[in-house]
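Colleague: A single structure is presented below for examination.
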Amino acid sequence: MEEFCSICQESQNTFINQQSKFVSNNVQSCGHLFCQTCISRQLDRKKSFACPICNTTVSKLTLSEQSLDHKYCDDDATWRKRVMAVYNKSLSDFPSLTLYNNYLEEVEDVIYSIVNSSPSAAEHVERVKRLEHTDERGITERQSRRAEEARQEEERLETEDAEAERWRRERNEEVVNEKVLKGKLKRQKMEVHLGERTEVSNGE
């Protein structure tokens, strides 16, 4: 993912040569990037300046330093959450597993395109924004249905766990009873051998 300083337009290769560090105006402000050289030059002259891209105030208080990998992960997490909230269909919305898997691949393509600023990124961003407004009802209904499906799945797993636990307890009881019975038979055989009884009785 190519990143550029908002002032000098140096590419991310410059940042990588500086141990993969860059300075970002906090997301709460504008999120645009600046190289170390430009930001130092600007803030040495005054306490703040206007971002050349969006005119948002930039100061030492609004800046944060992080690695490119960290920035990429943040972008991926942010957009993944937003895209998944819109593209929130489940398997029950499709007639086949193949179509559902194709849908999931499409969702991943959208996220990858946006995060990596591909040529189609702007188109995908606009589509996400449009769906957030035009399909709000459908999104909400699918969210409710998925929540219900998740609840039912949780109940199913709890039932299976309870059944498995019941089976384990019963099996343990059987094992204990078998050991007790074997002990009784062994003792009876010894008593028969010693002449203390005439025969072995399984029921005793």
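In the structure tokens, chains take the letters A, B, ... in the order shown, each chain's residues start at 1, and ligands count up from 1 in the order shown.
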What lies within 9 Å of Tyr100 of chain A using only C-alpha atoms, ignoring chain neighbours under 5 positions off, as number ranges by chain?

Modeller: A: 89-95, 105

Colleague: Give me the segment 122-157 of chain A side of the contact with segment 108-118 of chain A, cut-off 8 Å, one line per residue showing its nearest atom pair and distance in Å at one decimal, counting only C-alpha atoms, sorted by chain and residue number, as CSV.

Modeller:
residue,atom,partner,partner_atom,distance
A:Ala122,CA,A:Ile114,CA,7.3
A:His124,CA,A:Val110,CA,6.3
A:Val125,CA,A:Ile114,CA,6.8

Colleague: Output N, CA and C atoms of each residue in that selection to a file, as a CSV table (one decimal), in the first residue's frame.

Modeller:
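Result went into result_17.csv, see below:
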chain,number,residue,atom,x,y,z
A,122,ALA,N,-12.1,3.7,-4.7
A,122,ALA,CA,-13.1,4.8,-4.6
A,122,ALA,C,-14.5,4.3,-4.9
A,124,HIS,N,-15.6,1.2,-4.6
A,124,HIS,CA,-16.0,0.3,-3.5
A,124,HIS,C,-16.5,1.2,-2.3
A,125,VAL,N,-15.7,2.2,-2.0
A,125,VAL,CA,-16.0,3.1,-0.9
A,125,VAL,C,-17.4,3.7,-1.1

Colleague: Please identify all polymer residues within 9 Å of Ile53 of chain A, counting only C-alpha atoms, omitting same-chain residues fewer than 2 positions from it, and present them as a VMD selection string.

Modeller: chain A and resid 6 to 7 32 50 to 51 55 to 56

Colleague: Grab the atom CA of Val58 of chain A to atom CA of Leu43 of chain A distance for me, in Å with one decimal place.

Modeller: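 Computing the Euclidean distance for atom CA of Val58 of chain A and atom CA of Leu43 of chain A yields 9.0 Å.
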
Colleague: Just want the 9 Å neighbourhood of segment 135-137 of chain A, counted on only C-alpha atoms, with same-chain residues fewer than 5 positions away dropped. Output as a list of chain:residue names.

Modeller: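 Final neighbour list, sorted by chain and number: A:Val86, A:Arg130, A:Arg142.
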
Colleague: With N, CA and C atoms retained, could you export that selection as a PDB file, in the first residue's frame?

Modeller:
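out_1.pdb, written as the output of this step:
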ATOM      1  N   VAL A  86     -22.107  -4.069   6.265  1.00  0.00           N
ATOM      2  CA  VAL A  86     -22.965  -3.865   5.093  1.00  0.00           C
ATOM      3  C   VAL A  86     -23.162  -5.168   4.325  1.00  0.00           C
ATOM      4  N   ARG A 130     -23.230   3.999  -0.103  1.00  0.00           N
ATOM      5  CA  ARG A 130     -24.575   3.967  -0.682  1.00  0.00           C
ATOM      6  C   ARG A 130     -25.423   2.879  -0.033  1.00  0.00           C
ATOM      7  N   ARG A 142     -30.876  -8.442   8.553  1.00  0.00           N
ATOM      8  CA  ARG A 142     -29.880  -9.522   8.485  1.00  0.00           C
ATOM      9  C   ARG A 142     -29.063  -9.597   9.767  1.00  0.00           C
TER      10      ARG A 142
END

Colleague: Write out as a count of residues only all residues of chain A that DSSP puts in alpha helix (DSSP H) for this structure's backbone.

Modeller: 126

Colleague: Tell me which of A:Ser120, A:Asn102, A:Asn88, A:Gln9 sits closest to Arg146 of chain A, counting only C-alpha atoms.

Modeller: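 So, comparing all the options, the nearest one is A:Asn88.
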
Colleague: Give me, please, the distance in Å between atom CA of Lys81 of chain A and atom CA of Pro119 of chain A, quoted to one decimal.

Modeller: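 Taking atom CA of Lys81 of chain A and atom CA of Pro119 of chain A, their separation equals 21.4 Å.
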
Colleague: So how far away is atom CA of Glu123 of chain A from atom CA of Arg82 of chain A, in Å?

Modeller: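 Interatomic distance here is 15.3 Å.
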
Colleague: Enumerate, as an NGL selection string, the complete set of residues in segment 1-200 of chain A that a backbone-based DSSP assignment places in strand (DSSP E).

Modeller: :A and (21-25 or 33-34 or 48-50 or 57-59 or 63-67)

Colleague: Excluding same-chain residues fewer than 3 positions from Lys46 of chain A, what lies within 12 Å of it counting only C-alpha atoms, as a list in words?

Modeller: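 Here the answer would be Ile39, Ser40, Arg41, Gln42, Leu43, Phe49, Ala50, Thr57, Val58, Ser59 and Lys60 of chain A.
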